[in-house]
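A.B. asks: Below you'll find the structure I mean.
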Amino acid sequence: MQSEWWYAYSDDELATVARDTDSFLESNPEIRGGFSNSVWLLHGLVQLVPVTETNLFSGNLHPLFEAEADLRASTTQVRFGLYKQALSGLRGVLELGLLSVYWDIDDTAHIDIQDWLQGREDTPGFSAVGRKLLKLPAVQAALERDPDLFERGKSLYREISGFAHSRGYRKSTAGLVLQSNRPLFSADAMLKWVTLRDRVLNLVLIFHLLKYPSGLQVTPLSQKLGMNTPVGGFVEPSVRDRFLAHLGPSMAAILQEISDADERAQSAANYFQNLPDYPVESWREDILKQDKEWIAMMGYDDWRRTHDVRPEMPHESQRDKIRRANYGDRLRVWAESEELLTREDAARKYKASGDEGLNRNS
């Protein structure tokens, strides 16, 4: 009997490619690490964009959130052997990543983005975005040191656009994988995607750091402030390290020089560095309090799954190191005594507390 999903790739075909992909990545840990690192880079940029009372919940971060969604979708397609589609998806990551800076070029993204966000304005073309980015003095400074920066960006955009439109046989599904009537694993096609993914993220990262130069200053936020760190505008040293590693030595040196020449970035870094360290014992107390609050909302089982699968990052902050401490079993005892083991337990207890409040007020 023919499956009603005969017109789509079968689950078995996709699962076979996924197993082949996973096996390849197990044998190539450096490439495998790049998959999670790419998402962490976009997370770092979200943390870097300043958050104020004026732009809070304005949608100014929408392009970066969508860029991450496109990157995750593209990564999923690569795992299942849909290489041409995955490469096409990188165009969205690049366009949205640059739009994040485009809308905030004058620090008014919360206003300027609204017509586009509400669907009343067409998305600016790649050339129009580039012309506006040239307004940034830091971009001009970067071009003095690296005159080919924009040409590399244009070349990258043309290349990934070629996959979006299958421009030329080699940029088609059949051109990437010889047998194209079903998905197959191809190391060459995957590595092509990895290379272009990293180039896309590199360009998005460069323009964010030119717009927000504090991203390359050493701002030990949690070391100095505990969990009460600023929301947006600065990043942890571990995030800065990740930025620098992805940029490569030459571009990292250029952007570091520009950042070091920015008086506001320097002033903020000096302020944080001169604060006293936050006590480690207070750290532990704050984290335990926060984790109990999370368990009260989601139940111990869901919290533990989240706690256990947190990826180990190459340069962990103080908060990450302490949070990773193995105290889950101790919290399970507490959760059991509070009847908060499952999400259903947490919801039931929350409802009960609300009912009690209503009864007291009646």
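Labels for the structure tokens follow display order: chains A, B, ..., residues from 1 in each chain, ligands from 1.
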Any idea what's packed within 9 Å of Trp40 of chain A, counting only C-alpha atoms, ignoring anything in its chain fewer than 4 positions away? Could you give it as a list in words?
C.D. replies: Ser36, Gly44, Leu45, Val239 and Arg242 of chain A
A.B. asks: Could you give me, as number ranges by chain, the residues within 8 Å of Arg79 of chain A, counting only C-alpha atoms and dropping anything in the same chain fewer than 6 positions from it?
C.D. replies: A: 17-18, 21-22
A.B. asks: If we count only C-alpha atoms, what is near Lys292 of chain A at a cut-off of 9 Å, once residues fewer than 6 positions away on the same chain are taken out, given as number ranges by chain?
C.D. replies: A: 300, 331, 334-335
A.B. asks: Produce a file of the selected residues containing C-alpha atoms, as a compact mmCIF listing (two decimals), in the first residue's frame.
C.D. replies:
# COMPACT_ATOMS: atom_id res chain seq x y z
CA TYR A 300 11.91 19.14 38.77
CA LEU A 331 17.34 19.66 44.62
CA TRP A 334 13.70 19.43 47.99
CA ALA A 335 11.34 19.19 45.01
A.B. asks: In terms of the shortest atom-to-atom distance over only C-alpha atoms, which of A:Phe272, A:Gly81, A:Ser100, A:Glu336 is closest to Asp20 of chain A?
C.D. replies: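 Checking each of A:Phe272, A:Gly81, A:Ser100, A:Glu336 against Asp20 of chain A, counting only C-alpha atoms, the winner is A:Gly81.
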A.B. asks: I'd like to know which residues of segment 51-190 of chain A are alpha helix (DSSP H) (by DSSP, run on the backbone); could you write them as an NGL selection string?
C.D. replies: :A and (62-79 or 83-103 or 109-112 or 114-117 or 126-133 or 137-145 or 149-164 or 173-176 or 187-190)
